[in-house]
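Visitor: PDB, C-alpha atoms, pLDDT in the B column, file my_file-v1.pdb:
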```
ATOM      1  CA  MET A   1      85.054 116.245 106.235  1.00 65.00           C
ATOM      2  CA  LYS A   2      86.719 113.297 104.465  1.00 70.00           C
ATOM      3  CA  LEU A   3      89.660 115.526 103.538  1.00 68.00           C
ATOM      4  CA  LEU A   4      90.218 116.417 107.203  1.00 74.00           C
ATOM      5  CA  PHE A   5      89.959 112.747 108.139  1.00 80.00           C
ATOM      6  CA  ASP A   6      92.555 111.791 105.506  1.00 83.00           C
ATOM      7  CA  LEU A   7      94.841 114.607 106.695  1.00 87.00           C
ATOM      8  CA  PHE A   8      94.435 113.736 110.394  1.00 89.00           C
ATOM      9  CA  PRO A   9      97.849 112.014 110.855  1.00 91.00           C
ATOM     10  CA  LEU A  10      99.601 114.808 108.943  1.00 93.00           C
ATOM     11  CA  LEU A  11      97.994 117.511 111.096  1.00 93.00           C
ATOM     12  CA  VAL A  12      98.889 115.597 114.271  1.00 94.00           C
ATOM     13  CA  PHE A  13     102.480 115.252 113.030  1.00 96.00           C
ATOM     14  CA  PHE A  14     102.720 118.984 112.309  1.00 95.00           C
ATOM     15  CA  GLY A  15     101.245 120.005 115.653  1.00 95.00           C
ATOM     16  CA  ALA A  16     103.484 117.651 117.642  1.00 96.00           C
ATOM     17  CA  PHE A  17     106.561 118.842 115.748  1.00 96.00           C
ATOM     18  CA  LYS A  18     105.800 122.489 116.505  1.00 95.00           C
ATOM     19  CA  MET A  19     105.301 121.709 120.205  1.00 95.00           C
ATOM     20  CA  TYR A  20     108.055 119.124 120.688  1.00 94.00           C
ATOM     21  CA  ASP A  21     110.455 117.603 118.134  1.00 94.00           C
ATOM     22  CA  ILE A  22     110.644 115.357 115.088  1.00 95.00           C
ATOM     23  CA  TYR A  23     110.762 112.140 117.137  1.00 96.00           C
ATOM     24  CA  THR A  24     107.690 112.981 119.228  1.00 96.00           C
ATOM     25  CA  ALA A  25     105.929 114.064 116.039  1.00 96.00           C
ATOM     26  CA  THR A  26     106.795 110.749 114.390  1.00 96.00           C
ATOM     27  CA  ALA A  27     105.416 108.744 117.316  1.00 97.00           C
ATOM     28  CA  ALA A  28     102.256 110.882 117.303  1.00 96.00           C
ATOM     29  CA  ALA A  29     101.802 110.346 113.552  1.00 96.00           C
ATOM     30  CA  ILE A  30     102.103 106.560 113.938  1.00 96.00           C
ATOM     31  CA  ILE A  31      99.463 106.541 116.666  1.00 96.00           C
ATOM     32  CA  ALA A  32      97.218 108.880 114.656  1.00 95.00           C
ATOM     33  CA  THR A  33      97.465 106.612 111.605  1.00 94.00           C
ATOM     34  CA  PHE A  34      96.453 103.557 113.644  1.00 95.00           C
ATOM     35  CA  ILE A  35      93.498 105.552 114.991  1.00 94.00           C
ATOM     36  CA  GLN A  36      92.570 106.634 111.457  1.00 93.00           C
ATOM     37  CA  VAL A  37      92.563 103.047 110.172  1.00 94.00           C
ATOM     38  CA  GLY A  38      90.634 101.823 113.227  1.00 93.00           C
ATOM     39  CA  VAL A  39      87.958 104.515 112.976  1.00 92.00           C
ATOM     40  CA  PHE A  40      87.504 103.898 109.253  1.00 91.00           C
ATOM     41  CA  TRP A  41      87.071 100.155 109.833  1.00 93.00           C
ATOM     42  CA  PHE A  42      84.637 100.753 112.712  1.00 92.00           C
ATOM     43  CA  LYS A  43      82.455 103.017 110.520  1.00 90.00           C
ATOM     44  CA  HIS A  44      82.622 101.096 107.240  1.00 87.00           C
ATOM     45  CA  ARG A  45      83.695  97.574 108.237  1.00 88.00           C
ATOM     46  CA  ARG A  46      86.426  97.673 105.616  1.00 89.00           C
ATOM     47  CA  PHE A  47      89.899  99.121 105.112  1.00 86.00           C
ATOM     48  CA  GLU A  48      90.938 101.748 102.590  1.00 85.00           C
ATOM     49  CA  SER A  49      94.025 100.828 100.577  1.00 82.00           C
ATOM     50  CA  MET A  50      95.601 104.290 100.883  1.00 84.00           C
ATOM     51  CA  HIS A  51      95.288 104.206 104.680  1.00 87.00           C
ATOM     52  CA  LEU A  52      96.806 100.720 104.905  1.00 89.00           C
ATOM     53  CA  ILE A  53      99.745 101.576 102.640  1.00 89.00           C
ATOM     54  CA  THR A  54     100.439 104.680 104.696  1.00 90.00           C
ATOM     55  CA  LEU A  55     100.108 102.742 107.959  1.00 92.00           C
ATOM     56  CA  VAL A  56     102.635 100.094 106.923  1.00 94.00           C
ATOM     57  CA  ILE A  57     105.163 102.610 105.619  1.00 94.00           C
ATOM     58  CA  ILE A  58     104.934 105.029 108.544  1.00 94.00           C
ATOM     59  CA  SER A  59     105.117 102.137 111.023  1.00 95.00           C
ATOM     60  CA  VAL A  60     108.333 100.846 109.435  1.00 96.00           C
ATOM     61  CA  PHE A  61     110.069 104.149 108.686  1.00 96.00           C
ATOM     62  CA  GLY A  62     108.682 105.929 111.729  1.00 96.00           C
ATOM     63  CA  GLY A  63     109.675 103.023 113.954  1.00 96.00           C
ATOM     64  CA  LEU A  64     113.238 103.125 112.581  1.00 97.00           C
ATOM     65  CA  THR A  65     113.336 106.895 113.117  1.00 97.00           C
ATOM     66  CA  ILE A  66     112.442 106.536 116.791  1.00 96.00           C
ATOM     67  CA  PHE A  67     114.496 103.401 117.473  1.00 96.00           C
ATOM     68  CA  LEU A  68     117.674 104.688 115.795  1.00 96.00           C
ATOM     69  CA  GLN A  69     117.044 108.374 116.610  1.00 95.00           C
ATOM     70  CA  ASP A  70     117.683 109.194 112.956  1.00 96.00           C
ATOM     71  CA  ASP A  71     115.154 111.443 111.217  1.00 95.00           C
ATOM     72  CA  ALA A  72     116.419 110.414 107.771  1.00 96.00           C
ATOM     73  CA  PHE A  73     113.950 107.513 107.826  1.00 96.00           C
ATOM     74  CA  ILE A  74     110.842 109.635 108.403  1.00 96.00           C
ATOM     75  CA  LYS A  75     112.066 112.047 105.723  1.00 97.00           C
ATOM     76  CA  TRP A  76     112.074 109.144 103.273  1.00 97.00           C
ATOM     77  CA  LYS A  77     108.482 108.222 104.175  1.00 94.00           C
ATOM     78  CA  PRO A  78     106.612 110.670 101.833  1.00 95.00           C
ATOM     79  CA  THR A  79     108.830 109.547  98.961  1.00 96.00           C
ATOM     80  CA  ILE A  80     108.144 105.861  99.596  1.00 95.00           C
ATOM     81  CA  VAL A  81     104.377 106.502  99.890  1.00 92.00           C
ATOM     82  CA  ASN A  82     104.291 108.518  96.658  1.00 95.00           C
ATOM     83  CA  TRP A  83     106.410 105.985  94.804  1.00 96.00           C
ATOM     84  CA  ALA A  84     104.149 103.165  96.034  1.00 93.00           C
ATOM     85  CA  PHE A  85     101.132 105.003  94.613  1.00 92.00           C
ATOM     86  CA  SER A  86     103.051 105.654  91.388  1.00 95.00           C
ATOM     87  CA  ILE A  87     103.887 101.966  90.956  1.00 95.00           C
ATOM     88  CA  VAL A  88     100.338 100.766  91.716  1.00 92.00           C
ATOM     89  CA  ILE A  89      98.738 103.299  89.350  1.00 93.00           C
ATOM     90  CA  PHE A  90     101.237 102.508  86.585  1.00 95.00           C
ATOM     91  CA  ALA A  91     100.818  98.738  86.993  1.00 93.00           C
ATOM     92  CA  MET A  92      97.034  99.072  86.710  1.00 91.00           C
ATOM     93  CA  LEU A  93      97.422 100.683  83.281  1.00 90.00           C
ATOM     94  CA  PHE A  94      97.746  97.120  82.014  1.00 88.00           C
ATOM     95  CA  THR A  95      94.655  95.736  83.750  1.00 87.00           C
ATOM     96  CA  ARG A  96      91.017  95.724  82.631  1.00 86.00           C
ATOM     97  CA  LYS A  97      90.342  98.911  84.602  1.00 87.00           C
ATOM     98  CA  THR A  98      92.810 101.616  85.530  1.00 86.00           C
ATOM     99  CA  ALA A  99      93.152 102.734  89.153  1.00 86.00           C
ATOM    100  CA  LEU A 100      91.261 106.001  88.674  1.00 82.00           C
ATOM    101  CA  GLU A 101      88.580 104.232  86.682  1.00 86.00           C
ATOM    102  CA  TYR A 102      87.897 102.064  89.725  1.00 81.00           C
ATOM    103  CA  VAL A 103      87.609 105.192  91.870  1.00 77.00           C
ATOM    104  CA  MET A 104      85.756 107.533  89.490  1.00 75.00           C
ATOM    105  CA  GLY A 105      84.253 105.218  86.882  1.00 68.00           C
ATOM    106  CA  SER A 106      80.761 105.271  88.408  1.00 66.00           C
ATOM    107  CA  GLN A 107      80.649 109.084  88.120  1.00 74.00           C
ATOM    108  CA  LEU A 108      82.441 109.597  84.804  1.00 74.00           C
ATOM    109  CA  THR A 109      82.209 108.007  81.374  1.00 78.00           C
ATOM    110  CA  LEU A 110      85.489 108.442  79.499  1.00 81.00           C
ATOM    111  CA  PRO A 111      87.211 106.674  76.598  1.00 83.00           C
ATOM    112  CA  LYS A 112      89.777 104.068  77.600  1.00 85.00           C
ATOM    113  CA  SER A 113      92.593 106.179  76.133  1.00 85.00           C
ATOM    114  CA  ILE A 114      91.650 109.136  78.350  1.00 86.00           C
ATOM    115  CA  TRP A 115      91.591 106.980  81.471  1.00 87.00           C
ATOM    116  CA  GLN A 116      95.047 105.716  80.552  1.00 90.00           C
ATOM    117  CA  LYS A 117      96.410 109.223  79.975  1.00 91.00           C
ATOM    118  CA  LEU A 118      94.916 110.358  83.275  1.00 91.00           C
ATOM    119  CA  ASN A 119      96.452 107.466  85.181  1.00 93.00           C
ATOM    120  CA  LEU A 120      99.836 107.811  83.497  1.00 95.00           C
ATOM    121  CA  SER A 121      99.966 111.502  84.400  1.00 95.00           C
ATOM    122  CA  TRP A 122      99.182 110.723  88.059  1.00 95.00           C
ATOM    123  CA  SER A 123     101.786 107.967  88.119  1.00 96.00           C
ATOM    124  CA  ILE A 124     104.432 110.369  86.805  1.00 97.00           C
ATOM    125  CA  PHE A 125     103.266 113.075  89.209  1.00 97.00           C
ATOM    126  CA  PHE A 126     103.678 110.821  92.262  1.00 97.00           C
ATOM    127  CA  LEU A 127     107.116 109.759  91.000  1.00 97.00           C
ATOM    128  CA  VAL A 128     108.208 113.399  90.648  1.00 97.00           C
ATOM    129  CA  LEU A 129     106.668 114.322  94.007  1.00 97.00           C
ATOM    130  CA  GLY A 130     108.809 111.671  95.671  1.00 97.00           C
ATOM    131  CA  LEU A 131     111.933 113.061  94.010  1.00 98.00           C
ATOM    132  CA  ILE A 132     111.100 116.626  95.106  1.00 97.00           C
ATOM    133  CA  ASN A 133     110.658 115.428  98.677  1.00 97.00           C
ATOM    134  CA  LEU A 134     114.124 113.853  98.632  1.00 97.00           C
ATOM    135  CA  TYR A 135     115.634 117.065  97.312  1.00 97.00           C
ATOM    136  CA  VAL A 136     114.051 119.228 100.016  1.00 97.00           C
ATOM    137  CA  ALA A 137     114.837 116.697 102.764  1.00 96.00           C
ATOM    138  CA  PHE A 138     118.487 116.051 101.946  1.00 96.00           C
ATOM    139  CA  TYR A 139     119.881 118.547  99.429  1.00 95.00           C
ATOM    140  CA  TYR A 140     118.068 121.857  99.863  1.00 93.00           C
ATOM    141  CA  ASN A 141     119.718 124.673 101.872  1.00 89.00           C
ATOM    142  CA  LEU A 142     122.749 122.619 102.892  1.00 92.00           C
ATOM    143  CA  ASP A 143     124.420 125.677 104.456  1.00 93.00           C
ATOM    144  CA  ALA A 144     121.760 125.874 107.197  1.00 92.00           C
ATOM    145  CA  ASP A 145     122.020 123.915 110.440  1.00 93.00           C
ATOM    146  CA  GLN A 146     120.170 120.612 110.883  1.00 91.00           C
ATOM    147  CA  GLU A 147     117.310 122.076 112.928  1.00 92.00           C
ATOM    148  CA  VAL A 148     116.499 124.722 110.315  1.00 94.00           C
ATOM    149  CA  ARG A 149     116.647 122.146 107.511  1.00 95.00           C
ATOM    150  CA  THR A 150     114.298 119.844 109.404  1.00 95.00           C
ATOM    151  CA  GLN A 151     111.849 122.707 109.984  1.00 95.00           C
ATOM    152  CA  THR A 152     112.008 123.537 106.279  1.00 96.00           C
ATOM    153  CA  TRP A 153     111.283 119.939 105.354  1.00 97.00           C
ATOM    154  CA  VAL A 154     108.340 119.650 107.779  1.00 96.00           C
ATOM    155  CA  ASN A 155     106.797 122.837 106.386  1.00 96.00           C
ATOM    156  CA  PHE A 156     107.286 121.520 102.859  1.00 96.00           C
ATOM    157  CA  LYS A 157     105.825 118.118 103.785  1.00 94.00           C
ATOM    158  CA  VAL A 158     102.685 119.728 105.211  1.00 93.00           C
ATOM    159  CA  PHE A 159     102.151 122.693 102.888  1.00 94.00           C
ATOM    160  CA  GLY A 160     104.358 122.139  99.847  1.00 95.00           C
ATOM    161  CA  LEU A 161     103.327 118.575  99.002  1.00 94.00           C
ATOM    162  CA  MET A 162      99.685 119.406  99.663  1.00 92.00           C
ATOM    163  CA  GLY A 163      99.854 122.557  97.536  1.00 94.00           C
ATOM    164  CA  LEU A 164     101.483 120.722  94.634  1.00 96.00           C
ATOM    165  CA  THR A 165      98.856 117.978  94.825  1.00 94.00           C
ATOM    166  CA  LEU A 166      95.987 120.469  94.856  1.00 94.00           C
ATOM    167  CA  ALA A 167      97.478 122.370  91.905  1.00 96.00           C
ATOM    168  CA  PHE A 168      97.921 119.152  89.924  1.00 95.00           C
ATOM    169  CA  THR A 169      94.350 118.109  90.759  1.00 92.00           C
ATOM    170  CA  VAL A 170      93.041 121.393  89.317  1.00 94.00           C
ATOM    171  CA  ILE A 171      95.077 120.817  86.144  1.00 92.00           C
ATOM    172  CA  GLN A 172      93.624 117.324  85.838  1.00 90.00           C
ATOM    173  CA  MET A 173      90.091 118.670  86.302  1.00 88.00           C
ATOM    174  CA  LEU A 174      90.663 121.139  83.468  1.00 89.00           C
ATOM    175  CA  PHE A 175      91.964 118.286  81.316  1.00 83.00           C
ATOM    176  CA  LEU A 176      88.908 116.173  82.152  1.00 81.00           C
ATOM    177  CA  ALA A 177      86.508 119.014  81.350  1.00 80.00           C
ATOM    178  CA  ARG A 178      87.621 118.865  77.718  1.00 78.00           C
ATOM    179  CA  HIS A 179      86.751 115.176  77.401  1.00 69.00           C
ATOM    180  CA  ILE A 180      83.599 114.783  79.486  1.00 70.00           C
ATOM    181  CA  ASP A 181      80.464 114.118  77.461  1.00 60.00           C
ATOM    182  CA  PRO A 182      77.651 115.745  79.507  1.00 54.00           C
ATOM    183  CA  LYS A 183      74.955 113.610  77.867  1.00 51.00           C
ATOM    184  CA  SER A 184      76.657 110.275  78.443  1.00 49.00           C
ATOM    185  CA  ASN A 185      77.538 111.155  82.024  1.00 48.00           C
ATOM    186  CA  SER A 186      73.982 112.335  82.639  1.00 48.00           C
ATOM    187  CA  ASP A 187      72.662 109.031  81.278  1.00 49.00           C
ATOM    188  CA  SER A 188      75.186 107.130  83.400  1.00 45.00           C
ATOM    189  CA  ASN A 189      74.136 108.936  86.568  1.00 47.00           C
ATOM    190  CA  SER A 190      70.450 108.387  85.728  1.00 46.00           C
ATOM    191  CA  ASN A 191      71.042 104.672  85.226  1.00 47.00           C
ATOM    192  CA  SER A 192      72.939 104.448  88.512  1.00 46.00           C
ATOM    193  CA  GLN A 193      70.099 106.198  90.304  1.00 47.00           C
ATOM    194  CA  SER A 194      67.484 103.943  88.673  1.00 45.00           C
ATOM    195  CA  ASP A 195      69.433 100.830  89.654  1.00 47.00           C
ATOM    196  CA  SER A 196      69.684 102.142  93.203  1.00 44.00           C
ATOM    197  CA  GLU A 197      65.960 102.858  93.408  1.00 47.00           C
ATOM    198  CA  SER A 198      64.979  99.488  91.925  1.00 45.00           C
ATOM    199  CA  GLY A 199      67.180  97.720  94.427  1.00 46.00           C
ATOM    200  CA  SER A 200      65.624  99.485  97.415  1.00 40.00           C
TER
END
```
Could you rewrite the structure in this file as structure tokens?
Guide:
Amino acid sequence: MKLLFDLFPLLVFFGAFKMYDIYTATAAAIIATFIQVGVFWFKHRRFESMHLITLVIISVFGGLTIFLQDDAFIKWKPTIVNWAFSIVIFAMLFTRKTALEYVMGSQLTLPKSIWQKLNLSWSIFFLVLGLINLYVAFYYNLDADQEVRTQTWVNFKVFGLMGLTLAFTVIQMLFLARHIDPKSNSDSNSNSQSDSESGS
């Protein structure tokens, strides 16, 4: 359910593009992202960093796309989002806790060096993902007309980027499986549950 919620603006963008055009799809995605952020705040009384980063970037680049009637801006958007994640994850390598340790640390007990390797690999992955998006958006299939190239990019944005992310996630899970200590993680989960029960 959370996955569908996170993908809501992307699915709206794809549907609007198939029914109308890139500019209508961009406007629909901006509205959908505002709705996503609003619903999340209404349910949890807080904002999620990923949603806010996406909202700011799609508002700026999507707004320029619509105002200037130039789809180059919205094509840059996935790259900017991925590079923003890459920078944040890389910067947090030098803090007390890495980015993924903040997200997954309560469920997993891993050595500091493994957390750092995990975060570095994700930082590099997001950097490369942004580069691939630029290639597909602006340099792939240059002999085709603009409409075909835009359709190719939209399909890649929806299915290609998602597929690459899922594949990389599986690789990371296999990497983690080699370093997880079942006993320590079992003890960690038991302690978390005990703390929860004692606090209730």
Visitor: Tell me which protein, DNA and RNA residues are within 7 Å of segment 80-96 of chain A, counting all atoms listed in the file, leaving out same-chain ones fewer than 2 positions away, and put them as a PyMOL selection string.
Guide: chain A and resi 54+57+76-78+98-99+116+119-120+123-124+126-127+129-130
Visitor: How about saving the chosen residues, C-alpha atoms kept, as an mmCIF file, in the coordinates of the input?
Guide:
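Written file, again_17.cif:
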```cif
data_model
loop_
_atom_site.group_PDB
_atom_site.id
_atom_site.type_symbol
_atom_site.label_atom_id
_atom_site.label_comp_id
_atom_site.auth_asym_id
_atom_site.auth_seq_id
_atom_site.Cartn_x
_atom_site.Cartn_y
_atom_site.Cartn_z
ATOM 1 C CA THR A 54 100.439 104.680 104.696
ATOM 2 C CA ILE A 57 105.163 102.610 105.619
ATOM 3 C CA TRP A 76 112.074 109.144 103.273
ATOM 4 C CA LYS A 77 108.482 108.222 104.175
ATOM 5 C CA PRO A 78 106.612 110.670 101.833
ATOM 6 C CA THR A 98 92.810 101.616 85.530
ATOM 7 C CA ALA A 99 93.152 102.734 89.153
ATOM 8 C CA GLN A 116 95.047 105.716 80.552
ATOM 9 C CA ASN A 119 96.452 107.466 85.181
ATOM 10 C CA LEU A 120 99.836 107.811 83.497
ATOM 11 C CA SER A 123 101.786 107.967 88.119
ATOM 12 C CA ILE A 124 104.432 110.369 86.805
ATOM 13 C CA PHE A 126 103.678 110.821 92.262
ATOM 14 C CA LEU A 127 107.116 109.759 91.000
ATOM 15 C CA LEU A 129 106.668 114.322 94.007
ATOM 16 C CA GLY A 130 108.809 111.671 95.671
#
```
Visitor: Using all atoms listed in the file, pick whichever of A:Leu174, A:Ile53, A:Ala72, A:Leu64 has the shortest atom-to-atom distance to Leu118 of chain A.
Guide: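 Between A:Leu174, A:Ile53, A:Ala72, A:Leu64, the residue approaching Leu118 of chain A most closely is A:Leu174.
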Visitor: My list of candidates is A:Lys18, A:Met50, A:Thr79, A:Thr169. Which is closest to Ser121 of chain A when distances are computed with only C-alpha atoms?
Guide: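 Among the listed residues, the smallest separation from Ser121 of chain A belongs to A:Thr169.
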Visitor: Output as JSON lines one row per residue of segment 22-41 of chain A within 12 Å of segment 152-156 of chain A: the closest atom pair and its distance in Å to one decimal place, counting only C-alpha atoms, sorted by chain and residue number ascending.
Guide:
```
{"residue": "A:Ile22", "atom": "CA", "partner": "A:Val154", "partner_atom": "CA", "distance": 8.8}
{"residue": "A:Ala25", "atom": "CA", "partner": "A:Val154", "partner_atom": "CA", "distance": 10.3}
{"residue": "A:Thr26", "atom": "CA", "partner": "A:Val154", "partner_atom": "CA", "distance": 11.2}
```
Visitor: Grab the atom CA of Phe40 of chain A to atom CA of Ala28 of chain A distance for me, in Å with one decimal place.
Guide: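 Value for the atom CA of Phe40 of chain A-atom CA of Ala28 of chain A distance: 18.2 Å.
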Visitor: For the PyMOL selection byres ((chain A and resi 3-15) around 12), applied here, can you spell out every residue it catches as a PDB file with C-alpha atoms, in the coordinates of the input?
Guide:
```pdb
ATOM      1  CA  MET A   1      85.054 116.245 106.235  1.00 65.00           C
ATOM      2  CA  LYS A   2      86.719 113.297 104.465  1.00 70.00           C
ATOM      3  CA  ALA A  16     103.484 117.651 117.642  1.00 96.00           C
ATOM      4  CA  PHE A  17     106.561 118.842 115.748  1.00 96.00           C
ATOM      5  CA  LYS A  18     105.800 122.489 116.505  1.00 95.00           C
ATOM      6  CA  MET A  19     105.301 121.709 120.205  1.00 95.00           C
ATOM      7  CA  TYR A  20     108.055 119.124 120.688  1.00 94.00           C
ATOM      8  CA  ASP A  21     110.455 117.603 118.134  1.00 94.00           C
ATOM      9  CA  ILE A  22     110.644 115.357 115.088  1.00 95.00           C
ATOM     10  CA  TYR A  23     110.762 112.140 117.137  1.00 96.00           C
ATOM     11  CA  THR A  24     107.690 112.981 119.228  1.00 96.00           C
ATOM     12  CA  ALA A  25     105.929 114.064 116.039  1.00 96.00           C
ATOM     13  CA  THR A  26     106.795 110.749 114.390  1.00 96.00           C
ATOM     14  CA  ALA A  27     105.416 108.744 117.316  1.00 97.00           C
ATOM     15  CA  ALA A  28     102.256 110.882 117.303  1.00 96.00           C
ATOM     16  CA  ALA A  29     101.802 110.346 113.552  1.00 96.00           C
ATOM     17  CA  ILE A  30     102.103 106.560 113.938  1.00 96.00           C
ATOM     18  CA  ILE A  31      99.463 106.541 116.666  1.00 96.00           C
ATOM     19  CA  ALA A  32      97.218 108.880 114.656  1.00 95.00           C
ATOM     20  CA  THR A  33      97.465 106.612 111.605  1.00 94.00           C
ATOM     21  CA  PHE A  34      96.453 103.557 113.644  1.00 95.00           C
ATOM     22  CA  ILE A  35      93.498 105.552 114.991  1.00 94.00           C
ATOM     23  CA  GLN A  36      92.570 106.634 111.457  1.00 93.00           C
ATOM     24  CA  VAL A  37      92.563 103.047 110.172  1.00 94.00           C
ATOM     25  CA  VAL A  39      87.958 104.515 112.976  1.00 92.00           C
ATOM     26  CA  PHE A  40      87.504 103.898 109.253  1.00 91.00           C
ATOM     27  CA  GLU A  48      90.938 101.748 102.590  1.00 85.00           C
ATOM     28  CA  MET A  50      95.601 104.290 100.883  1.00 84.00           C
ATOM     29  CA  HIS A  51      95.288 104.206 104.680  1.00 87.00           C
ATOM     30  CA  LEU A  52      96.806 100.720 104.905  1.00 89.00           C
ATOM     31  CA  THR A  54     100.439 104.680 104.696  1.00 90.00           C
ATOM     32  CA  LEU A  55     100.108 102.742 107.959  1.00 92.00           C
ATOM     33  CA  ILE A  58     104.934 105.029 108.544  1.00 94.00           C
ATOM     34  CA  GLY A  62     108.682 105.929 111.729  1.00 96.00           C
ATOM     35  CA  ILE A  74     110.842 109.635 108.403  1.00 96.00           C
ATOM     36  CA  PRO A  78     106.612 110.670 101.833  1.00 95.00           C
ATOM     37  CA  THR A 150     114.298 119.844 109.404  1.00 95.00           C
ATOM     38  CA  GLN A 151     111.849 122.707 109.984  1.00 95.00           C
ATOM     39  CA  THR A 152     112.008 123.537 106.279  1.00 96.00           C
ATOM     40  CA  TRP A 153     111.283 119.939 105.354  1.00 97.00           C
ATOM     41  CA  VAL A 154     108.340 119.650 107.779  1.00 96.00           C
ATOM     42  CA  ASN A 155     106.797 122.837 106.386  1.00 96.00           C
ATOM     43  CA  PHE A 156     107.286 121.520 102.859  1.00 96.00           C
ATOM     44  CA  LYS A 157     105.825 118.118 103.785  1.00 94.00           C
ATOM     45  CA  VAL A 158     102.685 119.728 105.211  1.00 93.00           C
ATOM     46  CA  PHE A 159     102.151 122.693 102.888  1.00 94.00           C
ATOM     47  CA  LEU A 161     103.327 118.575  99.002  1.00 94.00           C
ATOM     48  CA  MET A 162      99.685 119.406  99.663  1.00 92.00           C
ATOM     49  CA  LEU A 166      95.987 120.469  94.856  1.00 94.00           C
TER      50      LEU A 166
END
```
Visitor: Quote the spacing between atom CA of Ala144 of chain A and atom CA of Asp71 of chain A in Å to one decimal place.
Guide: 16.4 Å
Visitor: For Phe175 of chain A, work out the shell of residues within 12 Å, counting only C-alpha atoms and skipping chain neighbours fewer than 2 positions away, then give it as a ChimeraX atom specification.
Guide: /A:110,114-115,117-118,121,168-173,177-180
Visitor: So, with all atoms listed in the file as the atoms that count, which of A:Ile132, A:Val103, A:Ile66, A:Leu108 lies closest to Leu164 of chain A?
Guide: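 Of all the options, A:Ile132 lies closest to Leu164 of chain A.
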Visitor: Just the number, please: distance in Å from atom CA of Phe73 of chain A to atom CA of Asn133 of chain A, one decimal.
Guide: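 One can read the atom CA of Phe73 of chain A to atom CA of Asn133 of chain A distance as 12.5 Å.
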Visitor: Under the rule that all atoms listed in the file are counted, which of A:Leu100, A:Phe47, A:Val56, A:Lys75 is the nearest residue to Arg149 of chain A?
Guide: A:Lys75
Visitor: Would you mind putting back N, CA and C atoms on segment 106-122 of chain A, then writing it out as a compact mmCIF listing (two decimals), keeping the file's coordinate frame?
Guide:
```txt
# COMPACT_ATOMS: atom_id res chain seq x y z
N SER A 106 82.21 105.22 88.23
CA SER A 106 80.76 105.27 88.41
C SER A 106 80.20 106.68 88.22
N GLN A 107 81.09 107.70 88.30
CA GLN A 107 80.65 109.08 88.12
C GLN A 107 80.98 109.65 86.74
N LEU A 108 81.98 109.06 86.08
CA LEU A 108 82.44 109.60 84.80
C LEU A 108 82.48 108.52 83.74
N THR A 109 82.07 108.89 82.53
CA THR A 109 82.21 108.01 81.37
C THR A 109 83.25 108.62 80.44
N LEU A 110 84.39 107.93 80.32
CA LEU A 110 85.49 108.44 79.50
C LEU A 110 86.01 107.33 78.60
N PRO A 111 86.57 107.68 77.45
CA PRO A 111 87.21 106.67 76.60
C PRO A 111 88.39 106.03 77.33
N LYS A 112 88.68 104.80 76.97
CA LYS A 112 89.78 104.07 77.60
C LYS A 112 91.10 104.83 77.49
N SER A 113 91.33 105.45 76.34
CA SER A 113 92.59 106.18 76.13
C SER A 113 92.73 107.36 77.09
N ILE A 114 91.60 108.00 77.42
CA ILE A 114 91.65 109.14 78.35
C ILE A 114 91.93 108.65 79.76
N TRP A 115 91.29 107.55 80.16
CA TRP A 115 91.59 106.98 81.47
C TRP A 115 93.08 106.64 81.58
N GLN A 116 93.63 106.10 80.53
CA GLN A 116 95.05 105.72 80.55
C GLN A 116 95.96 106.94 80.65
N LYS A 117 95.62 107.99 79.89
CA LYS A 117 96.41 109.22 79.97
C LYS A 117 96.33 109.83 81.37
N LEU A 118 95.14 109.81 81.93
CA LEU A 118 94.92 110.36 83.28
C LEU A 118 95.75 109.60 84.31
N ASN A 119 95.70 108.29 84.23
CA ASN A 119 96.45 107.47 85.18
C ASN A 119 97.95 107.60 84.99
N LEU A 120 98.41 107.66 83.75
CA LEU A 120 99.84 107.81 83.50
C LEU A 120 100.34 109.14 84.06
N SER A 121 99.55 110.19 83.89
CA SER A 121 99.97 111.50 84.40
C SER A 121 100.06 111.49 85.92
N TRP A 122 99.11 110.81 86.59
CA TRP A 122 99.18 110.72 88.06
C TRP A 122 100.36 109.87 88.51
```
